[in-house]
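Pasted below: upload38.cif, mmCIF, C-alpha atoms and all ligand atoms.
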```
data_upload
#
loop_
_atom_site.label_atom_id
_atom_site.label_comp_id
_atom_site.auth_asym_id
_atom_site.auth_seq_id
_atom_site.Cartn_x
_atom_site.Cartn_y
_atom_site.Cartn_z
CA MET A 1 -53.47 14.61 -20.05
CA ALA A 2 -50.94 12.02 -21.08
CA ARG A 3 -49.56 14.56 -23.44
CA ALA A 4 -49.30 17.19 -20.76
CA LEU A 5 -47.63 14.87 -18.30
CA ARG A 6 -45.04 13.69 -20.75
CA ARG A 7 -44.03 17.24 -21.32
CA VAL A 8 -42.92 17.64 -17.76
CA LEU A 9 -41.23 14.29 -17.31
CA VAL A 10 -37.55 14.69 -17.43
CA VAL A 11 -35.90 11.34 -17.43
CA VAL A 12 -32.36 10.16 -17.46
CA ALA A 13 -32.08 6.73 -18.90
CA VAL A 14 -29.05 4.53 -18.67
CA ALA A 15 -27.50 2.32 -21.30
CA ALA A 16 -30.64 0.25 -21.82
CA VAL A 17 -32.12 3.11 -23.79
CA ALA A 18 -29.06 3.52 -25.95
CA SER A 19 -30.08 1.00 -28.58
CA SER A 20 -33.33 2.78 -29.22
CA VAL A 21 -31.64 6.10 -29.86
CA SER A 22 -31.43 6.89 -33.52
CA TYR A 23 -28.43 8.91 -34.56
CA ALA A 24 -28.43 11.75 -36.99
CA THR A 25 -24.99 10.74 -38.15
CA ASP A 26 -22.90 7.62 -37.69
CA ALA A 27 -19.71 9.47 -36.94
CA PRO A 28 -20.04 9.95 -33.19
CA ARG A 29 -21.62 6.55 -32.76
CA SER A 30 -18.68 4.80 -34.37
CA ARG A 31 -16.41 6.90 -32.17
CA ARG A 32 -18.03 5.31 -29.15
CA GLU A 33 -18.18 1.82 -30.62
CA THR A 34 -14.51 1.73 -31.59
CA GLY A 35 -13.82 2.07 -27.88
CA GLN A 36 -11.58 5.08 -28.39
CA SER A 37 -10.98 6.86 -25.17
CA PRO A 38 -13.26 9.87 -25.39
CA PRO A 39 -11.98 13.30 -24.48
CA ASN A 40 -13.56 15.14 -21.57
CA GLY A 41 -17.21 16.04 -21.81
CA THR A 42 -18.02 18.43 -18.99
CA GLN A 43 -14.89 20.55 -18.60
CA VAL A 44 -13.59 21.68 -15.23
CA GLY A 45 -10.82 24.20 -14.55
CA ALA A 46 -8.62 24.22 -11.47
CA PRO A 47 -9.92 26.46 -8.65
CA ASP A 48 -8.84 30.07 -9.35
CA ALA A 49 -7.38 32.51 -6.81
CA ASN A 50 -10.89 33.34 -5.54
CA GLY A 51 -11.82 29.69 -5.12
CA VAL A 52 -14.05 29.72 -8.20
CA VAL A 53 -14.15 26.51 -10.20
CA HIS A 54 -15.19 27.22 -13.78
CA ILE A 55 -17.23 24.42 -15.29
CA THR A 56 -18.20 24.42 -18.97
CA VAL A 57 -20.84 22.05 -20.30
CA PRO A 58 -20.48 21.94 -24.11
CA VAL A 59 -23.62 20.52 -25.71
CA ASP A 60 -23.95 20.01 -29.44
CA LEU A 61 -27.61 19.78 -30.40
CA THR A 62 -28.70 18.05 -33.57
CA LEU A 63 -31.93 19.75 -34.59
CA VAL A 64 -33.75 16.62 -35.67
CA GLY A 65 -35.49 17.04 -39.02
CA LYS A 66 -33.54 20.16 -40.01
CA SER A 67 -31.11 19.20 -42.74
CA THR A 68 -29.89 22.78 -42.98
CA LEU A 69 -29.97 25.40 -40.29
CA THR A 70 -31.40 28.86 -40.69
CA ASP A 71 -30.35 31.94 -38.76
CA ALA A 72 -33.66 31.61 -36.91
CA ASP A 73 -32.73 28.06 -35.79
CA ARG A 74 -29.41 29.24 -34.46
CA ALA A 75 -31.00 32.25 -32.79
CA ARG A 76 -33.51 29.97 -31.08
CA ILE A 77 -30.72 27.85 -29.59
CA ARG A 78 -28.74 30.95 -28.59
CA GLY A 79 -31.81 32.29 -26.83
CA ARG A 80 -32.23 29.06 -24.92
CA GLU A 81 -28.55 29.04 -23.97
CA TYR A 82 -29.01 32.55 -22.59
CA GLU A 83 -32.06 31.49 -20.56
CA MET A 84 -30.28 28.43 -19.21
CA ASN A 85 -27.16 30.31 -18.19
CA ASN A 86 -29.31 32.93 -16.44
CA ALA A 87 -31.08 30.14 -14.59
CA ILE A 88 -27.86 28.37 -13.62
CA GLY A 89 -25.56 31.30 -13.01
CA GLY A 90 -27.91 33.75 -11.38
CA LEU A 91 -27.13 34.54 -7.78
CA GLU A 92 -30.29 32.72 -6.75
CA ASN A 93 -28.83 29.51 -7.98
CA PHE A 94 -25.61 27.60 -8.34
CA SER A 95 -23.07 30.23 -7.39
CA ASN A 96 -25.01 31.14 -4.26
CA TYR A 97 -23.71 28.02 -2.52
CA LYS A 98 -20.23 27.15 -1.33
CA TYR A 99 -18.60 23.78 -1.30
CA LYS A 100 -16.10 23.12 1.44
CA ALA A 101 -13.16 21.32 -0.14
CA CYS A 102 -11.24 18.73 1.88
CA ASP A 103 -8.36 21.16 2.42
CA GLY A 104 -10.74 23.58 4.16
CA ASN A 105 -11.08 26.06 1.29
CA SER A 106 -14.54 27.20 0.23
CA LEU A 107 -15.18 26.78 -3.47
CA THR A 108 -17.84 28.25 -5.74
CA PHE A 109 -18.87 26.43 -8.89
CA ASP A 110 -19.43 28.66 -11.90
CA VAL A 111 -21.33 26.61 -14.47
CA LYS A 112 -21.74 27.75 -18.08
CA VAL A 113 -23.66 25.86 -20.74
CA LYS A 114 -22.44 26.16 -24.32
CA LEU A 115 -25.08 25.13 -26.84
CA THR A 116 -24.18 24.62 -30.50
CA ALA A 117 -26.85 23.86 -33.09
CA LEU A 118 -26.00 21.17 -35.65
CA PRO A 119 -27.99 20.22 -38.75
CA ASP A 120 -29.55 16.78 -39.08
CA SER A 121 -27.50 15.60 -42.05
CA ASP A 122 -24.69 13.26 -43.04
CA GLY A 123 -22.23 16.05 -43.75
CA PRO A 124 -19.15 16.91 -41.70
CA GLU A 125 -20.94 20.02 -40.42
CA ALA A 126 -23.25 17.66 -38.50
CA VAL A 127 -20.49 15.93 -36.56
CA PRO A 128 -20.32 17.08 -32.95
CA GLY A 129 -17.15 18.67 -31.64
CA GLU A 130 -14.52 16.58 -29.88
CA GLY A 131 -15.61 15.94 -26.33
CA HIS A 132 -18.87 17.84 -26.64
CA HIS A 133 -21.96 16.17 -25.31
CA PHE A 134 -24.14 15.10 -28.19
CA ILE A 135 -27.87 15.61 -27.81
CA GLN A 136 -30.69 15.21 -30.31
CA MET A 137 -33.13 18.06 -30.02
CA VAL A 138 -36.70 17.23 -30.89
CA ASP A 139 -39.66 19.56 -31.08
CA ASP A 140 -42.37 17.08 -30.20
CA PRO A 141 -44.10 17.03 -26.80
CA GLU A 142 -44.76 13.31 -27.22
CA GLN A 143 -41.04 12.62 -26.94
CA TYR A 144 -39.32 12.03 -23.64
CA THR A 145 -36.36 14.10 -22.60
CA PHE A 146 -33.41 12.12 -21.30
CA THR A 147 -29.65 12.07 -21.03
CA ASN A 148 -27.73 8.82 -21.20
CA ILE A 149 -25.08 8.26 -18.61
CA TYR A 150 -23.08 5.22 -19.65
CA ASP A 151 -21.70 4.07 -16.37
CA PRO A 152 -20.72 0.41 -16.05
CA ASP A 153 -19.79 0.86 -12.37
CA LYS A 154 -23.18 2.34 -11.68
CA MET A 155 -24.92 -0.50 -13.45
CA ALA A 156 -22.79 -3.16 -11.76
CA ALA A 157 -23.71 -1.68 -8.39
CA ASN A 158 -27.33 -2.08 -9.34
CA GLY A 159 -27.41 -5.66 -10.57
CA GLY A 160 -26.71 -4.72 -14.17
CA GLN A 161 -29.61 -2.30 -14.32
CA GLY A 162 -29.38 1.40 -14.90
CA ASP A 163 -30.40 3.57 -11.98
CA SER A 164 -31.11 7.18 -12.83
CA THR A 165 -30.88 8.27 -9.19
CA ILE A 166 -27.21 7.40 -8.68
CA ASP A 167 -24.69 10.24 -9.00
CA SER A 168 -21.94 9.52 -11.52
CA THR A 169 -18.56 10.97 -12.51
CA LYS A 170 -18.95 9.71 -16.09
CA PRO A 171 -19.81 13.09 -17.67
CA TYR A 172 -16.34 14.28 -16.58
CA ASP A 173 -14.64 11.32 -18.22
CA GLY A 174 -16.23 11.66 -21.64
CA TRP A 175 -19.11 12.90 -23.69
CA THR A 176 -22.58 11.50 -23.41
CA ASP A 177 -25.74 11.67 -25.49
CA GLY A 178 -29.50 11.79 -25.21
CA THR A 179 -32.62 13.46 -26.48
CA TRP A 180 -33.94 16.76 -25.23
CA GLU A 181 -37.41 17.97 -26.10
CA TRP A 182 -37.88 21.65 -26.81
CA ASN A 183 -41.23 22.08 -25.05
CA VAL A 184 -40.01 20.97 -21.63
CA GLY A 185 -38.63 24.50 -21.49
CA TYR A 186 -35.29 25.78 -20.34
CA TRP A 187 -35.70 24.52 -16.77
CA GLY A 188 -36.18 21.00 -18.09
CA TRP A 189 -32.95 21.39 -20.01
CA VAL A 190 -31.21 22.80 -16.95
CA HIS A 191 -32.29 19.60 -15.16
CA GLU A 192 -30.53 17.67 -17.95
CA VAL A 193 -27.43 19.82 -17.41
CA GLY A 194 -27.66 18.61 -13.81
CA HIS A 195 -27.17 15.12 -15.25
CA LEU A 196 -24.21 16.42 -17.27
CA LEU A 197 -22.75 17.55 -13.94
CA GLY A 198 -23.16 13.94 -12.78
CA LEU A 199 -26.27 14.41 -10.64
CA GLY A 200 -28.80 11.61 -10.47
CA ASP A 201 -32.54 12.17 -10.37
CA ASP A 202 -34.15 13.15 -7.08
CA TYR A 203 -37.25 11.17 -8.00
CA VAL A 204 -38.31 7.66 -8.97
CA PHE A 205 -41.36 6.31 -10.74
CA LYS A 206 -43.91 4.47 -8.65
CA GLY A 207 -46.95 2.98 -10.32
CA THR A 208 -48.99 4.50 -13.13
CA ASP A 209 -51.84 6.94 -13.30
CA GLU A 210 -55.23 6.41 -14.95
CA ASN A 211 -53.66 7.08 -18.36
CA GLY A 212 -50.96 4.47 -17.81
CA ASP A 213 -48.27 7.09 -17.39
CA PRO A 214 -45.69 6.45 -14.66
CA ILE A 215 -46.04 8.62 -11.55
CA PRO A 216 -42.90 10.42 -10.39
CA VAL A 217 -42.33 10.40 -6.62
CA PRO A 218 -39.66 12.56 -4.93
CA LEU A 219 -36.80 10.65 -3.41
CA ILE A 220 -35.85 10.64 0.26
CA ARG A 221 -32.07 10.88 -0.02
CA ASP A 222 -29.96 10.54 3.12
CA GLY A 223 -33.05 11.34 5.15
CA SER A 224 -33.94 14.54 3.33
CA ASN A 225 -36.96 14.91 1.10
CA ARG A 226 -35.79 15.96 -2.34
CA GLN A 227 -39.17 17.24 -3.46
CA GLY A 228 -38.92 20.29 -5.66
CA THR A 229 -35.17 20.31 -6.23
CA LEU A 230 -33.71 20.80 -9.66
CA MET A 231 -33.24 17.04 -9.98
CA ASP A 232 -36.83 16.28 -8.96
CA THR A 233 -39.61 16.68 -11.50
CA ALA A 234 -40.95 20.19 -11.48
CA PRO A 235 -43.81 20.51 -8.98
CA LEU A 236 -47.07 22.16 -9.93
CA ARG A 237 -47.59 25.51 -8.15
CA TRP A 238 -50.70 27.55 -8.90
CA GLY A 239 -51.06 25.66 -12.14
CA VAL A 240 -47.50 26.39 -13.23
CA ARG A 241 -44.57 23.96 -13.29
CA VAL A 242 -41.75 25.47 -11.28
CA HIS A 243 -38.29 24.31 -10.43
CA LEU A 244 -36.97 25.37 -7.06
CA GLY A 245 -33.46 25.13 -8.43
CA TYR A 246 -30.39 24.35 -6.43
CA ASP A 247 -29.83 23.68 -2.78
CA GLN A 248 -26.78 23.00 -0.64
CA GLU A 249 -27.17 19.25 -0.99
CA LEU A 250 -26.96 19.44 -4.80
CA ILE A 251 -23.84 21.60 -4.61
CA ASP A 252 -22.26 19.21 -2.10
CA ARG A 253 -23.06 16.28 -4.38
CA VAL A 254 -21.48 18.04 -7.36
CA GLY A 255 -18.44 18.81 -5.20
CA LYS A 256 -18.06 15.18 -4.20
CA LEU A 257 -18.31 14.11 -7.84
CA LEU A 258 -15.67 16.66 -8.88
CA ASP A 259 -13.51 15.40 -6.04
CA LYS A 260 -13.96 11.79 -7.15
CA ALA A 261 -13.25 12.73 -10.76
CA GLY A 262 -9.92 14.24 -9.65
CA LYS A 263 -10.97 17.81 -10.46
CA LEU A 264 -10.56 19.20 -6.93
CA PRO A 265 -7.81 18.94 -4.38
CA SER A 266 -8.04 15.55 -2.71
CA CYS A 267 -6.94 14.95 0.86
CA TRP A 268 -5.18 11.77 1.82
CA GLN A 269 -4.07 10.23 5.04
CA GLY A 270 -2.73 6.95 6.18
CA THR A 271 -0.05 4.95 7.89
CA ILE A 272 3.42 3.63 7.22
CA GLU A 273 4.78 0.54 8.99
CA SER A 274 8.52 0.43 8.49
CA ASP A 275 10.90 -2.39 9.42
CA SER A 276 14.42 -1.07 9.14
CA HIS A 277 17.67 -2.93 9.28
CA ARG A 278 21.21 -1.57 9.60
CA THR A 279 24.53 -3.29 9.11
CA TYR A 280 27.70 -1.57 10.33
CA VAL A 281 31.07 -2.73 9.09
CA TYR A 282 34.04 -1.48 11.12
CA SER A 283 37.49 -0.70 9.73
CA ASP A 284 39.05 -3.30 12.04
CA GLY A 285 36.92 -6.00 10.45
CA GLY A 286 34.30 -6.13 13.18
CA GLY A 287 30.68 -5.14 12.80
CA ALA A 288 27.18 -4.91 14.21
CA GLN A 289 23.55 -5.07 13.13
CA CYS A 290 20.48 -3.27 14.40
CA ASP A 291 16.78 -3.64 13.68
CA ASP A 292 13.95 -1.35 14.58
CA HIS A 293 10.32 -0.74 13.74
CA TRP A 294 8.69 2.59 12.98
CA HIS A 295 5.04 3.57 12.85
CA GLY A 296 4.27 6.52 10.63
CA GLU A 297 1.27 8.82 10.27
CA ILE A 298 1.04 10.72 7.00
CA ALA A 299 -1.39 13.33 5.62
CA PHE A 300 -1.22 15.31 2.41
CA VAL A 301 -3.25 17.19 -0.19
CA ALA A 302 -3.05 16.35 -3.90
CA LYS A 303 -3.92 19.44 -5.95
CA ALA A 304 -6.07 19.11 -9.07
CA GLY A 305 -2.92 19.22 -11.20
CA GLY A 306 -1.37 16.41 -9.16
CA THR A 307 1.12 18.27 -6.95
CA VAL A 308 1.33 16.78 -3.48
CA THR A 309 2.14 18.64 -0.25
CA GLY A 310 1.86 17.44 3.30
CA LYS A 311 3.62 16.18 6.37
CA GLY A 312 3.90 13.30 8.75
CA LYS A 313 5.57 11.79 11.77
CA LEU A 314 7.46 8.55 12.31
CA THR A 315 7.62 7.07 15.79
CA LEU A 316 10.00 4.36 16.94
CA THR A 317 7.81 1.55 18.25
CA SER A 318 10.39 -1.15 18.86
CA GLY A 319 14.16 -1.46 18.94
CA PRO A 320 16.75 -0.82 18.12
CA THR A 321 17.68 -4.44 18.74
CA CYS A 322 21.39 -4.80 18.08
CA SER A 323 23.92 -7.57 17.91
CA GLY A 324 27.65 -7.71 17.31
CA GLN A 325 30.28 -5.27 18.48
CA ILE A 326 28.16 -2.33 19.40
CA ASP A 327 28.78 0.62 21.66
CA PRO A 328 25.45 1.53 23.32
CA ALA A 329 26.44 5.19 23.20
CA TYR A 330 26.68 4.91 19.47
CA ILE A 331 23.10 3.78 18.99
CA VAL A 332 21.27 6.39 21.07
CA PRO A 333 18.06 6.23 19.12
CA THR A 334 15.98 8.96 17.66
CA ARG A 335 12.42 8.22 18.70
CA GLU A 336 10.44 10.62 16.53
CA ILE A 337 11.01 12.06 13.09
CA ASP A 338 8.88 14.83 11.56
CA PHE A 339 8.88 14.76 7.80
CA SER A 340 7.55 16.71 4.83
CA VAL A 341 5.66 15.11 1.96
CA SER A 342 6.05 16.21 -1.65
CA GLY A 343 5.72 14.53 -5.03
CA ASN A 344 2.74 14.07 -7.29
CA LYS A 345 -0.40 12.12 -7.91
CA GLN A 346 -0.47 10.19 -11.14
CA LYS A 347 -3.11 8.05 -12.79
CA ALA A 348 -1.73 4.81 -11.37
CA GLY A 349 -0.90 6.11 -7.91
CA PHE A 350 1.51 8.38 -6.07
CA ILE A 351 5.16 9.24 -6.35
CA LEU A 352 5.98 10.57 -2.89
CA VAL A 353 9.20 12.03 -1.52
CA LEU A 354 9.54 12.31 2.25
CA GLY A 355 12.02 14.79 3.66
CA GLU A 356 13.39 15.07 7.18
CA LEU A 357 12.26 18.08 9.20
CA ALA A 358 13.12 17.35 12.81
CA PHE A 359 14.38 14.56 15.07
CA ARG A 360 13.61 13.96 18.74
CA PRO A 361 16.00 13.42 20.47
CA PRO A 362 18.47 14.89 17.97
CA VAL A 363 20.76 12.46 16.26
CA PRO A 364 24.18 12.17 17.91
CA ALA A 365 26.71 13.73 15.62
CA ALA A 366 28.54 10.54 14.92
CA SER A 367 25.53 8.35 14.58
CA TRP A 368 23.05 7.39 11.89
CA ALA A 369 21.14 5.29 14.32
CA GLY A 370 17.41 5.33 14.02
CA ILE A 371 17.13 7.33 10.80
CA THR A 372 14.89 5.48 8.45
CA THR A 373 15.80 5.30 4.81
CA LEU A 374 12.37 6.75 4.00
CA VAL A 375 13.20 10.33 4.92
CA SER A 376 16.90 10.48 4.23
CA THR A 377 19.38 8.91 1.89
CA GLY A 378 22.10 9.42 4.43
CA LEU A 379 23.72 12.60 3.19
CA THR A 380 20.67 14.35 1.82
CA ALA A 381 17.68 15.41 3.81
CA SER A 382 15.12 13.67 1.64
CA GLY A 383 14.41 10.10 0.82
CA PRO A 384 14.09 8.45 -2.56
CA PRO A 385 10.96 8.74 -4.74
CA LEU A 386 8.47 6.19 -3.42
CA THR A 387 6.02 4.60 -5.84
CA ILE A 388 2.72 3.82 -4.15
CA PRO A 389 0.13 2.33 -6.49
CA ASN A 390 -3.63 2.79 -6.28
CA THR A 391 -5.46 -0.11 -4.71
CA GLY A 392 -8.94 1.30 -5.34
CA PRO A 393 -10.71 4.49 -6.40
CA CYS A 394 -9.82 6.11 -3.09
CA THR A 395 -7.06 3.95 -1.66
CA ALA A 396 -3.38 3.43 -2.38
CA GLY A 397 -0.76 1.29 -0.74
CA GLY A 398 1.76 -1.47 -0.85
CA THR A 399 5.24 -2.36 0.28
CA VAL A 400 8.12 -0.14 -0.78
CA ALA A 401 11.73 -1.18 -0.20
CA THR A 402 14.28 1.56 0.45
CA SER A 403 18.01 1.44 1.05
CA TYR A 404 21.25 3.36 1.02
CA THR A 405 24.88 2.70 1.72
CA ILE A 406 27.39 4.97 3.40
CA ASN A 407 30.95 3.75 3.26
CA SER A 408 30.48 0.10 4.17
CA ASP A 409 27.35 0.54 6.23
CA THR A 410 24.03 -0.45 4.68
CA PHE A 411 20.62 0.76 5.70
CA THR A 412 17.52 -0.97 4.37
CA ALA A 413 13.83 -0.80 5.18
CA SER A 414 10.63 -2.47 4.15
CA ASN A 415 7.83 0.08 4.33
CA VAL A 416 4.14 -0.77 4.13
CA PHE A 417 1.95 2.15 3.08
CA ALA A 418 -1.83 2.25 3.56
CA LEU A 419 -3.37 5.47 2.24
CA LYS A 420 -6.96 6.53 1.79
CA CYS A 421 -8.63 9.69 0.66
CA LYS A 422 -10.80 11.69 3.02
CA GLY A 423 -14.50 11.21 2.83
CA ASN A 424 -14.25 7.52 1.97
ZN ZN B 1 -33.48 13.48 -14.84
#
```
What is this structure when it is put down as structure tokens?
Ligand SMILES: [Zn+2]
Amino acid sequence: MARALRRVLVVVAVAAVASSVSYATDAPRSRRETGQSPPNGTQVGAPDANGVVHITVPVDLTLVGKSTLTDADRARIRGREYEMNNAIGGLENFSNYKYKACDGNSLTFDVKVKLTALPDSDGPEAVPGEGHHFIQMVDDPEQYTFTNIYDPDKMAANGGQGDSTIDSTKPYDGWTDGTWEWNVGYWGWVHEVGHLLGLGDDYVFKGTDENGDPIPVPLIRDGSNRQGTLMDTAPLRWGVRVHLGYDQELIDRVGKLLDKAGKLPSCWQGTIESDSHRTYVYSDGGGAQCDDHWHGEIAFVAKAGGTVTGKGKLTLTSGPTCSGQIDPAYIVPTREIDFSVSGNKQKAGFILVLGELAFRPPVPAASWAGITTLVSTGLTASGPPLTIPNTGPCTAGGTVATSYTINSDTFTASNVFALKCKGN
């Protein structure tokens, strides 16, 4: 009974288990321990023209106990890969669901598993490929099946403990490892691929049965019972363990993870508070100064490659307040400015360029009054590149100074940006 139950338990363990994992070769372990930045594990392409996001999960399997591989070993792994891809990619499953991206486009995730068999030896042929997930395959029903997700953020959020139910973007940042047991069958392995897509378990353990084995209980997640999903343990139906596979919630969770990992277009919005100051120097030696304040609303989409497109509006909220020799006709203020947003998203934040689109009322021909330095450098219809650093995983902001000079007149502004991504 204990034996039978263990066969169906599919566990993801976090960090704590890592020390008990024995490695077939030291090479990948030292790669992790040297702290080298690992290349991507689960690979994600940009959405194609049909809105299909191609996801490849490369898994190198060390066949524990097999110092050399036979054609039969390789054929066995190829057969399992075939079964898994049928299970994942069949119309009944993953690709049957759409994910609505923040820009309104519907995306389909096309997931392919790539299994490669490796011998259990010290030779170079046993070293997993760069960025491939590295799993030990055992053929022993007494062994648990698990995938390690090393996620310090996840652990910190849980008092330093691993929590297998929390979704994580880590598999998109680097490779991970674990142990998969052959006899859990291909659905059990597909569950593990769920972990390699960042999905947490839809069950927890509560108590133990008469054999001392922990009892898995389906999770209630956001009010919905997760019993029987791919990330639950397989329920028993007519004496057979069956997985019900995917549902919309799983696809939405994967979408959110891809979004967080920067693999999908991300949608941003926020505000700009701009204090602008103008100094006019007249040819007769006289001059004037004006101050005004602008409130801006900005919204844009950052594509997976980083390109930013969007628009916004600046509204005059106070001023202009002028002093000196000033002709009121000269300072007829523009009260609203529509602007375009371009630029790109980088690792540390945004480089944005705002460009003027329209003014209301139109600027008097002889006047620069009311034009902020954000959207124009005086003679060109776009402002300077604005560097706006990240302030969190889904926020960016800070104060950006802008200025330009035309003849002897100077225009300066202090602009406070507060940006956040949608869904956070
Ligand atoms: Zn699991």
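Interatomic distance, atom CA of Gln43 of chain A to atom CA of Val193 of chain A: 12.6 Å.
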inquiry  = Around ligand ZN 1 (chain B), out to 12 Å and counting only C-alpha atoms and all ligand atoms, which residues are there? I want them as a VMD selection string.
reply    = chain A and resid 8 to 14 144 to 149 163 to 167 178 to 180 187 to 205 216 218 229 to 234
task = Tell me which of A:Ser342, A:Asn211, A:Ser376, A:Thr42 sits closest to His132 of chain A, counting only C-alpha atoms.
result = A:Thr42
message = Which polymer residues, whether protein, DNA or RNA, lie within 12 Å of the coordinate (9.7, 1.4, 5.8) when you count all atoms listed in the file? List them as a ChimeraX atom specification, using the chain letters and numbers from the file.
response = /A:271-277,291-296,314-316,354,370-376,383-384,386,398-403,411-418
inquiry  = Give me, as a list in words, all polymer residues having an atom no more than 10 Å from Glu249 of chain A, counting all atoms listed in the file and skipping those fewer than 3 positions away in the same chain.
reply    = Tyr97, Tyr99, Arg221, Ser224, Arg226, Thr229, Tyr246, Asp252, Arg253, Val254 and Gly255 of chain A
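Nearest to Phe300 of chain A of all the residues A:Arg360, A:Lys114, A:Lys66, A:Lys420 is A:Lys420, counting only C-alpha atoms.
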inquiry  = Just checking: using only C-alpha atoms, which residue out of A:Gly397, A:Gly286, A:Gly378, A:Gly245 ends up closest to Ala87 of chain A?
reply    = A:Gly245
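Atom CA of Gly131 of chain A to atom CA of Gly174 of chain A spans 6.4 Å [interatomic distance, one decimal].
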key: Nearest-residue call for Lys263 of chain A, choices A:Gly306, A:Gly104, A:Gly79, A:Pro385, using all atoms listed in the file   =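 Of A:Gly306, A:Gly104, A:Gly79, A:Pro385, the one nearest Lys263 of chain A, counting all atoms listed in the file, is A:Gly306.
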ask   = Rounded to one decimal in Å, what is the spacing between atom CA of Val308 of chain A and atom CA of Gly343 of chain A?
value =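 Distance between the two atoms: 5.2 Å.
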Polymer residues at most 7 Å from Ala304 of chain A, only C-alpha atoms, same-chain spacing of 3 or more positions, as a PyMOL selection string = chain A and resi 46+262-265
key: Top pick for closest residue to Val44 of chain A, considering A:Trp268, A:Trp175, A:Phe94, A:Phe109 and counting all atoms listed in the file   =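 Of A:Trp268, A:Trp175, A:Phe94, A:Phe109, the one nearest Val44 of chain A is A:Phe109, counting all atoms listed in the file.
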query = Between A:Cys267, A:Leu258, A:Ile135, A:Cys322, which is the closest to Lys303 of chain A once you count only C-alpha atoms?
reply = A:Cys267
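Selection around (-40.5, 21.1, -26.7) with radius 9 Å, counting all atoms listed in the file, yields the residues Arg7, Met137, Val138, Asp139, Asp140, Pro141, Glu142, Gln143, Trp180, Glu181, Trp182, Asn183, Val184 and Gly185 of chain A.
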Kindly output segment 256-271 of chain A as a compact mmCIF listing (two decimals), in the coordinates of the input, after building N, CA and C atoms.
```
# COMPACT_ATOMS: atom_id res chain seq x y z
N LYS A 256 -18.58 16.54 -4.43
CA LYS A 256 -18.06 15.18 -4.20
C LYS A 256 -17.72 14.49 -5.52
N LEU A 257 -18.57 14.72 -6.53
CA LEU A 257 -18.31 14.11 -7.84
C LEU A 257 -17.03 14.69 -8.46
N LEU A 258 -16.88 16.02 -8.35
CA LEU A 258 -15.67 16.66 -8.88
C LEU A 258 -14.44 16.13 -8.15
N ASP A 259 -14.59 15.94 -6.86
CA ASP A 259 -13.51 15.40 -6.04
C ASP A 259 -13.15 14.00 -6.54
N LYS A 260 -14.17 13.15 -6.68
CA LYS A 260 -13.96 11.79 -7.15
C LYS A 260 -13.33 11.75 -8.53
N ALA A 261 -13.75 12.70 -9.38
CA ALA A 261 -13.25 12.73 -10.76
C ALA A 261 -11.84 13.32 -10.82
N GLY A 262 -11.28 13.70 -9.68
CA GLY A 262 -9.92 14.24 -9.65
C GLY A 262 -9.84 15.69 -10.08
N LYS A 263 -10.95 16.42 -10.01
CA LYS A 263 -10.97 17.81 -10.46
C LYS A 263 -10.75 18.80 -9.33
N LEU A 264 -10.77 18.32 -8.10
CA LEU A 264 -10.56 19.20 -6.93
C LEU A 264 -9.38 18.67 -6.14
N PRO A 265 -8.84 19.49 -5.25
CA PRO A 265 -7.81 18.94 -4.38
C PRO A 265 -8.37 17.75 -3.63
N SER A 266 -7.58 16.68 -3.51
CA SER A 266 -8.04 15.55 -2.71
C SER A 266 -7.11 15.42 -1.50
N CYS A 267 -7.69 15.03 -0.39
CA CYS A 267 -6.94 14.95 0.86
C CYS A 267 -6.75 13.49 1.25
N TRP A 268 -5.53 13.17 1.55
CA TRP A 268 -5.18 11.77 1.82
C TRP A 268 -4.54 11.65 3.19
N GLN A 269 -4.75 10.51 3.78
CA GLN A 269 -4.07 10.23 5.04
C GLN A 269 -3.84 8.74 5.14
N GLY A 270 -2.98 8.36 6.04
CA GLY A 270 -2.73 6.95 6.18
C GLY A 270 -1.57 6.64 7.10
N THR A 271 -1.10 5.42 6.99
CA THR A 271 -0.05 4.95 7.89
C THR A 271 1.10 4.34 7.11
```
